[in-house]
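Okay, so here's the structure we're looking at.
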Amino acid sequence: MWPFTRRKHHRRPPQAHPPIIENHLDAKSESSQDVQTPKDAPVLMDNLVATEQTLENISGIDIGLLQDLITETKTFAKQLETLEHTIKQHGSVTQSLDVYNGSVEDAYNLLKNTVGQSPDINIRRFFLGRVHRIPCVLVFNDGLAENQMVDQDAIFLMQRYEDAEQLWQDGPQIHQYVHDSIVSVGHVTVENRWTKLLPDMMGGNTLVFIQGAKEVLVLDTVKYPARAIETPDTERAVRGPQESFNEVALTQMNLIRRRIKSPALHFDQLSIGSYTKTMVLIAHIEGITNPELVMAVKRRLRGVKLDGLQYSANLTPYLSTHPSSLFPQVRTSERVDIVVRNLLLGKVAILVDNTPYALTVPSTFIDFYQTTDDYTASYWDASLERMIRLVGLFVGLLLPPLYVALISVDPDLLPVKLVLSIAGSRQAVPFPPILEVLIMWIIVEILREAAIRLPKELSTTLGTVGAIVVGTAIVKAGIVDSVMIVIITLTALGLFTSPAYEMATPWRILFWVLIVAAYFFGLYGIILALLIILAHLTSLENFGVPYLSPFGPIRFRDLKDTWLRFPTSALKKRPVYLRSVKTRKMGAHVPKPMKNPQLHTTQRNPEQ
Amino acid sequence: MMRHKFRRFGWKLAMLCTLGLPLTGCWDNRPVDYRALVFTLGLSASSKPHELSMLFQFPTPPAMASYAKGSASNTSQSPVADIKGHGKSVAQCFDVAQAQVSRDLYLGQIQLIAVSTHLSSSLLFRALDSLERTGTFDKTPFMFATPQSVQSVVSVKTNQDAFPSLYYVNLFSCGHCQTESLGIRFWQFAADALTPGVDPYLPEVLVNKKSQKMMVSQEALYRHFTYVGSLNPQETMAFSLLKGVAHKVNIYLPHLQATLRAIHGSTHLSVRERRGQVYATFHLNLMTTLEGIGTQTETAAQLAHLSKLSSTVLAHWCLGVLEKTQKLDVDPFGIGRKLDWRYPQEFKRFKHWHNEYPKVHMTVSVKTRINKMGDIK
C-alpha cells in the first residue's frame, strides 16, 4: 500500500484526570526517586574530584580547566537528569519536550540547570494561597524586570490569596483564574513552549509556573534601563521639535504614537537574530501606505537570518535592492518628526530595538536633502536652503576636479586674469595639482576624524588649529597653493551640506573618481564621470521606486517638493511614486482668508 | 561562476585602462606653472623674403608671482619676455622660439595677435591658417594691425595694467568703455576674410615714440588678407557709426557753438538691386546728449535745428567714408554679403564683387535725437 496510503496516527485521547496537585516542596516526588543515575557517573565524578585534590597539592599547575570541566559535568548531569525525568513522566503521552509539562518541580530543575546558572536570573519557589498551598515557581531577570511589580503585583498577592481551595476545582485551567483574579500586572499572557518562554523571560518578563496548570503565566514586568529622550545631535533643526529616538523600541513606538493618534497606525513586530532576538517593528499607516509595500518590507525582513542584530544599519542591505551601490537607499533618521512625516506620506518605518535610528523605505535621492527646517520655515526659506544644498553639493564635488582639470589639462579655458593669478601663486609650489589635492584632503579627513572622536570642547579647538594654523602654515611652507586652501575649504563644507550624514559618504568617494578622471581626461573626463554617476543613479530602484524620482521618470506634480518647495497649499497630494492608497493629503478646498472676508463682513456696522 | 565573471570583468577593465590611458594624452599635460603662457603673438615679415617673423610674448614668472600677490612688480625688469622666431611656417618659427625657452611654450592662452601691415597676404593667410589648425588655439584672441614694429607696439609699458597684453585685452573687450568698439576677434577676421561680399578690418595701433603712449583710434582695411589702407580718426568715428559700434562719438557744431556728446545708436543696412544697379541705404537712428550751446539755454526750435544740422554733418562724414571704401575697393560693411542673402541669383552674376562695389549707389539716412540733461532715455 505504501506510499499510496497514509499511515494514520492514532492518538490516544487525553484522559480526564482528577485535579491532582502534588506538593514537591514538602517531600520528594515519587517520580524523581525513580530516576536512576547511571552507575559510572558517580565514579567519574569521584575520579575528577580526587584528581582535583591531588593537583591542588602540586604547585605550578593551573587547575582552572579541570575545575571548569567538573562544573560543566555537574551541569550536564543535572540537565540529563531533568530530561530523563521529563521523558519518563510523559513516556506514555505523545508530547513535545518543548512543552511545559505542568510540573513546577521539573520546571524548577530545568530552569536551575539551564538559565539558572546565570547570576542575573532569579528563580523563586513559593506557595499560592495561605490555607491550601499550591506550589509555584517564579522566574525573572534581575535588572530587566521591575522588582516592585514582581513583589507587589505578583508574589504578594498570590501568597496572600485566601480562597486557594476554589482554585483546585479549576484543574489545568488554574492559571486562567490566577490571570483573571489574582495578579494585578497590566499585561499578562500565557504560553507553554519553552522556546518562547525563555526568550520572554530574558527580555524582562516574569514567568509564573503553577503546579497543575498546563500554561505558564507571562507577566509583563519589563522595565529597561533607558536613555532619556534627547536632542537629535546628528540632525539638528533650528525651529523643529527637538526630540529624538532612544534605544528602547517601546519608547520609539510611544513617540510616534503620540504624534499619530489614529488607530490606523500599525506596528507589526518581528524578532530578528537567533541569539539576540531583537525586536523589529514595522510601522505603517493603514489606509495610506500601499499594502504591497508593507508586504514587501515584511517579506524581506522575514528572510533575514542573523545570529545577532545590534544596529538598524545591519538591516539596510536586506532592504536595498542594490546593496553594493555607494548610494544609500534607506533613509536613517533619529528624528521622530521625520519618521512621522514619512509615515504620513505613505512610507514604511522600521524601528529596531537598541538602535535610536529608525529606517524608512522607500527612500529617494531627494529624501536625503530634505530636513525638518524645510517644513517649519516659509517656503521661500526652504527653497533657498535646498538650493544652497544643491550648490554646496556641486561646489564640493566639482571644485577640486575642475581645478585639477583646468590647471593640468585645459588651461586654455581659464580667463586670463585667473590664469595669471593661479600660475603666479603656484610658482613656488613643488607638487602637481593632484598631489596638492591629495595632501589637503588627507589633512581635512584627519581633522574631521579627530574632531568626531574628541570631546566637543576639544574638537572646537582642533577646528581652529586645523583651519588657522595648518591652513596658514602649509601655504607659507610652500607645500600647497593658497588657491587650494580656498578650494578644499569650500569642498569640505560643500560635501557636508547634505542633511543626512550617510549621503556625504558616496560623494566623498566619488570625489576621487572625479579627481582622477579630471587629471587624465580634463573637463571631458569630469563630464564622462558625471554621466556615469547619473546613469548609475538612474538605474537604481528600491521597492519599485526609481531612486531619482521625481526627476526620472519625471513627475511634474512631485517636483513641487524637491529642490524648490512650493507653498503647503500646493502640496495637496502624496508623491506618485509611493502609490499610496490615499493620494490626497489635505482637503480639496483650502480656505483662503482674503477671498472669504467673513471677519470683514461681521465687523461692518449694520447701520451703515 | 561568479569568480569567472569577476575575472572577466577585471580583464575588461584592465584593457580599457590600458587603451584609454595612452589615448588621453595626459602624458603631455603640464600644470600652468610649468608652461610659458604666450599671451601675445606678433606676426610680421622677416628680413628674408617669404619668411615669417613671429613674436611670442609671455609674462615672466616673477611678474606673475607679483601679480598673484597683488604687489607691484619690479619696475626695472620687463614684466614680459619677448621671444622671436623666424621661418617659413608657424611651426618653424615656433621651434626656433621654443629652443630659447626652458618651459613649454603654450599657445592655449593667446589673447592678442598683432599683425604688421607690411605682412604680405600670402604669409598672413598661411600664418592664420596654421594657427587655426593648432589644437590648443581657441580662435578668440583679439587682433590688431600696426604699421610700426610689432615688438615695439606689444611691449609698450603701461601703468594701467601689469602686462601690455592685459591692457589691450581690457581695451578691446569692453566695447562700451571706448569711443568706438573696435575689438575684432580672430574668428571674426577670418570669417570676414573668407566670406564673399565682405572684407575684414582691424583696429590699428600706433605708438608715439617719444611719449610711448598707445593710440587706438584708426581702422586698417583689408581686402581678403591684403592690407589696402587705413581710416583716419574722424573716418573711423563715421565708420563705427555706420557699423553701429559707436558709443562716445562727439561733434562740435561751430555755427551754434554747440557740443553733442555720446552719439550712439543703431544702424540698419538695406540693400536692393534694380536693373543691375545695386542700391545700399544706411539708416542711422542716433541718440546724443547736448553738452553745451552758445546761448546757454536751448529752445525746442534750436534743438530741432541742432538735430537737423548734426544729422547732416554725420551723414556727410558717413558718405565720405563710404566713398573712400569704394575708392579702395573694400567692402567692410558687408553690402555684398547682404546682397547675396537677399538676391542670391543676382549676386552670382557678379564675377568679382570688388569690381561692382565701387558702382554701388550709397544712401545714408541719419536721424539724431537730442536728449537734454535729465531726460529719461
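Please note that chains go A, B, ... in the order of the C-alpha cells, that every chain numbers its residues from 1, and that ligands are numbered from 1 in the order shown.
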
Enumerate the residues of region 28-102 of chain B with a DSSP assignment of helix (DSSP H, G or I), computed from the backbone, and present them as a PDB file with C-alpha atoms, in the first residue's frame.
```pdb
ATOM      1  CA  ASP B  28      51.814  65.781 -22.243  1.00  0.00           C
ATOM      2  CA  VAL B  32      50.237  76.019 -15.806  1.00  0.00           C
ATOM      3  CA  ASP B  33      53.275  76.914 -13.759  1.00  0.00           C
ATOM      4  CA  TYR B  34      55.367  74.564 -15.922  1.00  0.00           C
ATOM      5  CA  PRO B  61      57.399  84.090 -13.549  1.00  0.00           C
ATOM      6  CA  PRO B  62      58.421  86.867 -11.083  1.00  0.00           C
ATOM      7  CA  ALA B  63      55.913  89.231 -12.673  1.00  0.00           C
ATOM      8  CA  MET B  64      53.183  86.609 -12.401  1.00  0.00           C
ATOM      9  CA  ALA B  65      54.058  85.935  -8.766  1.00  0.00           C
ATOM     10  CA  SER B  66      53.847  89.663  -8.043  1.00  0.00           C
ATOM     11  CA  TYR B  67      50.543  89.829  -9.879  1.00  0.00           C
ATOM     12  CA  ALA B  68      49.162  86.944  -7.821  1.00  0.00           C
ATOM     13  CA  LYS B  69      50.179  88.610  -4.583  1.00  0.00           C
ATOM     14  CA  VAL B  90      54.446  78.892 -37.990  1.00  0.00           C
ATOM     15  CA  ALA B  91      55.881  75.532 -36.922  1.00  0.00           C
ATOM     16  CA  GLN B  92      59.414  76.591 -37.844  1.00  0.00           C
ATOM     17  CA  CYS B  93      59.031  79.872 -36.001  1.00  0.00           C
ATOM     18  CA  PHE B  94      57.657  78.001 -33.012  1.00  0.00           C
ATOM     19  CA  ASP B  95      60.572  75.598 -32.951  1.00  0.00           C
ATOM     20  CA  VAL B  96      63.081  78.413 -33.066  1.00  0.00           C
ATOM     21  CA  ALA B  97      61.285  80.178 -30.233  1.00  0.00           C
ATOM     22  CA  GLN B  98      60.874  77.022 -28.153  1.00  0.00           C
TER      23      GLN B  98
END
```

request  = Might you pull out every residue within 8 Å of Asp163 (chain A), with only C-alpha atoms counted and same-chain residues fewer than 6 positions away left off, and present them as a list in words?
outcome  =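 Once the adjacent positions are removed, what remains is Gly129, Val131 and His132 of chain A.
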
Please produce an output containing C-alpha atoms for each residue in the selection, written as a PDB file, in the first residue's frame.
```pdb
ATOM      1  CA  GLY A 129      -2.688  30.696  48.849  1.00  0.00           C
ATOM      2  CA  VAL A 131      -4.519  27.795  53.633  1.00  0.00           C
ATOM      3  CA  HIS A 132      -4.469  25.459  50.668  1.00  0.00           C
TER       4      HIS A 132
END
```

message = With only C-alpha atoms considered, list every residue of chain B at most 12 Å from chain A, as JSON, numbers by chain.
response = {"B": [17, 20, 21, 22, 23, 24, 25, 26, 27, 28, 29, 30, 31, 32, 33, 34, 35, 36, 37, 38, 39, 40, 58, 59, 60, 61, 62, 63, 64, 65, 66, 67, 68, 69, 70, 71, 73, 106, 107, 108, 109, 110, 111, 112, 135, 136, 137, 138, 139, 140, 141, 161, 162, 163, 165, 166, 167, 169, 170]}

task = Kindly indicate which residue among A:Phe556, A:Leu495, A:Glu334, A:Tyr108 lies nearest to Pro232 (chain A), using only C-alpha atoms for the distances.
result =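 Ranking A:Phe556, A:Leu495, A:Glu334, A:Tyr108 by distance to Pro232 (chain A), first place goes to A:Glu334.
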
task = Using DSSP on the backbone coordinates, identify the residues of region 58-220 of chain B assigned to strand (DSSP E or B); present them as a PyMOL selection string.
result = chain B and resi 58-59+80-87+104-106+112-116+142-146+180+184-185+201-207+214-220

May I have the selected residues written with N, CA and C atoms, as a compact mmCIF listing (two decimals), in the first residue's frame?
```txt
# COMPACT_ATOMS: atom_id res chain seq x y z
N PHE B 58 55.35 86.34 -23.42
CA PHE B 58 54.70 85.71 -22.26
C PHE B 58 55.16 86.39 -20.98
N PRO B 59 54.34 86.41 -19.95
CA PRO B 59 54.73 87.06 -18.71
C PRO B 59 55.82 86.27 -17.99
N VAL B 80 57.29 91.17 -19.15
CA VAL B 80 57.06 90.15 -20.19
C VAL B 80 58.38 89.80 -20.88
N ALA B 81 58.41 88.60 -21.39
CA ALA B 81 59.58 88.16 -22.15
C ALA B 81 59.17 88.04 -23.60
N ASP B 82 59.99 88.57 -24.50
CA ASP B 82 59.70 88.51 -25.94
C ASP B 82 60.68 87.54 -26.60
N ILE B 83 60.14 86.56 -27.23
CA ILE B 83 60.97 85.59 -27.95
C ILE B 83 60.59 85.65 -29.41
N LYS B 84 61.59 85.74 -30.25
CA LYS B 84 61.32 85.84 -31.70
C LYS B 84 61.71 84.55 -32.41
N GLY B 85 60.91 84.21 -33.39
CA GLY B 85 61.24 83.04 -34.19
C GLY B 85 61.02 83.36 -35.66
N HIS B 86 61.92 82.94 -36.48
CA HIS B 86 61.80 83.18 -37.92
C HIS B 86 61.70 81.85 -38.65
N GLY B 87 60.94 81.87 -39.72
CA GLY B 87 60.83 80.64 -40.50
C GLY B 87 59.80 80.80 -41.59
N ASP B 104 57.53 74.96 -21.39
CA ASP B 104 56.70 74.59 -22.54
C ASP B 104 56.00 75.84 -23.08
N LEU B 105 56.30 76.19 -24.31
CA LEU B 105 55.68 77.38 -24.92
C LEU B 105 54.23 77.02 -25.26
N TYR B 106 53.32 77.60 -24.51
CA TYR B 106 51.91 77.17 -24.59
C TYR B 106 51.08 78.20 -25.35
N LEU B 112 46.06 87.92 -27.74
CA LEU B 112 46.25 89.04 -28.67
C LEU B 112 47.12 88.59 -29.84
N ILE B 113 46.73 89.02 -31.05
CA ILE B 113 47.58 88.78 -32.22
C ILE B 113 47.82 90.12 -32.90
N ALA B 114 49.07 90.50 -32.91
CA ALA B 114 49.42 91.77 -33.56
C ALA B 114 49.95 91.46 -34.96
N VAL B 115 49.37 92.15 -35.93
CA VAL B 115 49.74 91.87 -37.33
C VAL B 115 50.36 93.13 -37.92
N SER B 116 51.48 92.95 -38.51
CA SER B 116 52.11 94.09 -39.18
C SER B 116 51.39 94.35 -40.50
N PHE B 142 42.00 88.71 -29.59
CA PHE B 142 41.78 89.95 -30.35
C PHE B 142 42.93 90.14 -31.33
N MET B 143 42.62 90.81 -32.42
CA MET B 143 43.65 91.09 -33.42
C MET B 143 43.74 92.59 -33.63
N PHE B 144 44.91 93.05 -33.91
CA PHE B 144 45.05 94.44 -34.33
C PHE B 144 46.18 94.53 -35.33
N ALA B 145 46.19 95.61 -36.08
CA ALA B 145 47.24 95.82 -37.08
C ALA B 145 48.07 97.02 -36.68
N THR B 146 49.28 97.03 -37.13
CA THR B 146 50.13 98.19 -36.84
C THR B 146 51.14 98.37 -37.98
N GLU B 180 34.74 104.08 -29.75
CA GLU B 180 34.21 103.10 -30.71
C GLU B 180 34.66 101.72 -30.25
N ILE B 184 38.23 93.28 -32.60
CA ILE B 184 37.92 92.25 -33.60
C ILE B 184 38.63 90.97 -33.14
N ARG B 185 37.88 89.90 -33.07
CA ARG B 185 38.50 88.64 -32.66
C ARG B 185 38.96 87.86 -33.89
N TYR B 201 38.50 94.01 -41.43
CA TYR B 201 39.19 95.22 -40.98
C TYR B 201 39.71 94.96 -39.57
N LEU B 202 40.71 95.71 -39.20
CA LEU B 202 41.32 95.54 -37.87
C LEU B 202 41.57 96.91 -37.25
N PRO B 203 41.52 97.02 -35.97
CA PRO B 203 41.92 98.27 -35.33
C PRO B 203 43.43 98.47 -35.53
N GLU B 204 43.77 99.71 -35.71
CA GLU B 204 45.19 99.99 -35.95
C GLU B 204 45.78 100.66 -34.71
N VAL B 205 46.88 100.13 -34.25
CA VAL B 205 47.50 100.66 -33.04
C VAL B 205 48.78 101.40 -33.44
N LEU B 206 48.87 102.60 -32.89
CA LEU B 206 50.08 103.39 -33.14
C LEU B 206 50.69 103.77 -31.80
N VAL B 207 52.00 103.80 -31.76
CA VAL B 207 52.68 104.18 -30.51
C VAL B 207 53.51 105.43 -30.80
N MET B 214 50.09 104.72 -26.32
CA MET B 214 49.41 103.95 -27.37
C MET B 214 48.15 104.69 -27.83
N MET B 215 47.90 104.64 -29.09
CA MET B 215 46.69 105.25 -29.66
C MET B 215 45.95 104.20 -30.47
N VAL B 216 44.70 104.01 -30.13
CA VAL B 216 43.89 103.06 -30.91
C VAL B 216 42.65 103.81 -31.38
N SER B 217 42.77 104.49 -32.49
CA SER B 217 41.65 105.29 -32.98
C SER B 217 41.51 105.21 -34.49
N GLN B 218 42.15 104.23 -35.06
CA GLN B 218 42.08 104.11 -36.52
C GLN B 218 41.72 102.67 -36.90
N GLU B 219 41.26 102.56 -38.14
CA GLU B 219 40.93 101.23 -38.65
C GLU B 219 41.82 100.90 -39.83
N ALA B 220 42.31 99.66 -39.86
CA ALA B 220 43.07 99.20 -41.02
C ALA B 220 42.15 98.33 -41.86
```

request  = Find, counting only C-alpha atoms, the residue in A:Ala264, A:Glu502, A:Glu385, A:Arg257 that gets nearest to Thr332 (chain A).
outcome  =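 Of the candidates, the smallest distance to Thr332 (chain A) is held by A:Glu502.
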
Can you tell me which residues surround Phe125 (chain B) at a distance of at most 12 Å, considering only C-alpha atoms, apart from same-chain residues fewer than 2 positions away, and format the answer as a PDB file with N, CA and C atoms, in the first residue's frame?
```
ATOM      1  N   LEU B  43      52.883  88.927 -35.619  1.00  0.00           N
ATOM      2  CA  LEU B  43      53.150  88.408 -36.964  1.00  0.00           C
ATOM      3  C   LEU B  43      53.684  89.536 -37.820  1.00  0.00           C
ATOM      4  N   LEU B  52      58.442  84.352 -42.421  1.00  0.00           N
ATOM      5  CA  LEU B  52      57.586  84.939 -41.388  1.00  0.00           C
ATOM      6  C   LEU B  52      58.402  85.162 -40.136  1.00  0.00           C
ATOM      7  N   SER B  89      57.277  78.852 -41.926  1.00  0.00           N
ATOM      8  CA  SER B  89      55.949  78.476 -41.431  1.00  0.00           C
ATOM      9  C   SER B  89      55.873  78.754 -39.933  1.00  0.00           C
ATOM     10  N   VAL B  90      54.656  78.660 -39.424  1.00  0.00           N
ATOM     11  CA  VAL B  90      54.446  78.892 -37.990  1.00  0.00           C
ATOM     12  C   VAL B  90      55.214  77.850 -37.183  1.00  0.00           C
ATOM     13  N   VAL B 115      49.365  92.148 -35.933  1.00  0.00           N
ATOM     14  CA  VAL B 115      49.737  91.875 -37.327  1.00  0.00           C
ATOM     15  C   VAL B 115      50.357  93.135 -37.917  1.00  0.00           C
ATOM     16  N   LEU B 119      52.977  92.921 -43.680  1.00  0.00           N
ATOM     17  CA  LEU B 119      52.991  91.479 -43.921  1.00  0.00           C
ATOM     18  C   LEU B 119      52.206  91.163 -45.196  1.00  0.00           C
ATOM     19  N   SER B 120      52.813  90.354 -46.024  1.00  0.00           N
ATOM     20  CA  SER B 120      52.126  90.037 -47.286  1.00  0.00           C
ATOM     21  C   SER B 120      50.909  89.158 -47.025  1.00  0.00           C
ATOM     22  N   SER B 121      49.987  89.238 -47.989  1.00  0.00           N
ATOM     23  CA  SER B 121      48.734  88.499 -47.785  1.00  0.00           C
ATOM     24  C   SER B 121      48.958  86.989 -47.721  1.00  0.00           C
ATOM     25  N   SER B 122      49.908  86.497 -48.525  1.00  0.00           N
ATOM     26  CA  SER B 122      50.143  85.045 -48.530  1.00  0.00           C
ATOM     27  C   SER B 122      50.687  84.580 -47.178  1.00  0.00           C
ATOM     28  N   LEU B 123      51.633  85.376 -46.636  1.00  0.00           N
ATOM     29  CA  LEU B 123      52.204  84.989 -45.330  1.00  0.00           C
ATOM     30  C   LEU B 123      51.162  85.087 -44.218  1.00  0.00           C
ATOM     31  N   ALA B 127      49.956  82.015 -41.980  1.00  0.00           N
ATOM     32  CA  ALA B 127      50.114  82.052 -40.523  1.00  0.00           C
ATOM     33  C   ALA B 127      48.772  81.825 -39.818  1.00  0.00           C
ATOM     34  N   LEU B 128      47.756  82.521 -40.296  1.00  0.00           N
ATOM     35  CA  LEU B 128      46.457  82.393 -39.637  1.00  0.00           C
ATOM     36  C   LEU B 128      45.876  80.996 -39.853  1.00  0.00           C
ATOM     37  N   ASP B 129      46.101  80.446 -41.027  1.00  0.00           N
ATOM     38  CA  ASP B 129      45.609  79.103 -41.315  1.00  0.00           C
ATOM     39  C   ASP B 129      46.285  78.080 -40.388  1.00  0.00           C
ATOM     40  N   SER B 130      47.606  78.240 -40.205  1.00  0.00           N
ATOM     41  CA  SER B 130      48.326  77.326 -39.309  1.00  0.00           C
ATOM     42  C   SER B 130      47.837  77.457 -37.879  1.00  0.00           C
ATOM     43  N   LEU B 131      47.628  78.698 -37.459  1.00  0.00           N
ATOM     44  CA  LEU B 131      47.152  78.912 -36.080  1.00  0.00           C
ATOM     45  C   LEU B 131      45.771  78.290 -35.888  1.00  0.00           C
ATOM     46  N   GLU B 132      44.951  78.435 -36.903  1.00  0.00           N
ATOM     47  CA  GLU B 132      43.590  77.906 -36.812  1.00  0.00           C
ATOM     48  C   GLU B 132      43.601  76.389 -36.644  1.00  0.00           C
ATOM     49  N   PHE B 189      37.700  88.081 -37.921  1.00  0.00           N
ATOM     50  CA  PHE B 189      38.563  88.483 -39.025  1.00  0.00           C
ATOM     51  C   PHE B 189      38.606  87.382 -40.083  1.00  0.00           C
ATOM     52  N   ALA B 190      38.790  86.135 -39.597  1.00  0.00           N
ATOM     53  CA  ALA B 190      38.896  85.011 -40.536  1.00  0.00           C
ATOM     54  C   ALA B 190      37.596  84.831 -41.310  1.00  0.00           C
ATOM     55  N   ALA B 193      37.278  87.588 -43.864  1.00  0.00           N
ATOM     56  CA  ALA B 193      38.264  87.460 -44.941  1.00  0.00           C
ATOM     57  C   ALA B 193      37.882  86.377 -45.941  1.00  0.00           C
ATOM     58  N   LEU B 194      37.180  85.366 -45.455  1.00  0.00           N
ATOM     59  CA  LEU B 194      36.881  84.218 -46.322  1.00  0.00           C
ATOM     60  C   LEU B 194      35.452  84.212 -46.853  1.00  0.00           C
ATOM     61  N   HIS B 224      40.403  90.814 -48.420  1.00  0.00           N
ATOM     62  CA  HIS B 224      40.783  89.455 -48.020  1.00  0.00           C
ATOM     63  C   HIS B 224      41.914  89.554 -46.990  1.00  0.00           C
ATOM     64  N   PHE B 225      43.115  89.156 -47.368  1.00  0.00           N
ATOM     65  CA  PHE B 225      44.220  89.214 -46.405  1.00  0.00           C
ATOM     66  C   PHE B 225      45.233  90.300 -46.769  1.00  0.00           C
ATOM     67  N   THR B 226      44.838  91.140 -47.710  1.00  0.00           N
ATOM     68  CA  THR B 226      45.765  92.190 -48.164  1.00  0.00           C
ATOM     69  C   THR B 226      45.400  93.524 -47.528  1.00  0.00           C
ATOM     70  N   TYR B 227      46.408  94.131 -46.923  1.00  0.00           N
ATOM     71  CA  TYR B 227      46.172  95.452 -46.329  1.00  0.00           C
ATOM     72  C   TYR B 227      46.061  96.472 -47.451  1.00  0.00           C
TER      73      TYR B 227
END
```

request  = Quick one: everything within 10 Å of Leu219 (chain A), counting only C-alpha atoms, minus sequence neighbours fewer than 5 positions away in the same chain. Send it as a list in words.
outcome  =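 Counting only C-alpha atoms, the residues come to Phe140, Ala145, Met149, Val150, Asp153, Ala154, His179, Val183, Ser184, Val185, Gly186, His187, Val188, Thr189, Val190, Asp200, Met201, Gly204, Asn205, Thr206, Leu207 and Val208 of chain A.
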
ask   = Which distance in Å separates CA of Leu241 (chain B) and CA of Val364 (chain B), to one decimal?
value =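 The value is 11.1 Å.
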
ask   = Which neighbours of Gly102 (chain A) fall inside 8 Å, counting only C-alpha atoms, when residues of the same chain fewer than 4 positions from it are skipped, and could you give them as a PyMOL selection string?
value = chain A and resi 209-215

Take the residues just selected and output them with C-alpha atoms as a JSON list (two decimals), in the first residue's frame.
```json
[["chain", "number", "residue", "atom", "x", "y", "z"],
["A", 209, "PHE", "CA", 4.67, 28.29, 36.86],
["A", 210, "ILE", "CA", 1.74, 26.92, 38.85],
["A", 211, "GLN", "CA", 1.57, 23.28, 39.81],
["A", 212, "GLY", "CA", -1.03, 21.54, 37.70],
["A", 213, "ALA", "CA", -1.60, 24.38, 35.27],
["A", 214, "LYS", "CA", -0.91, 23.50, 31.68],
["A", 215, "GLU", "CA", 0.11, 27.01, 30.73]]
```

Residue neighbourhood Thr259 (chain B), 6 Å, only C-alpha atoms, exclusion window fewer than 5 positions, as an NGL selection string = :B and (251-252 or 291-292)
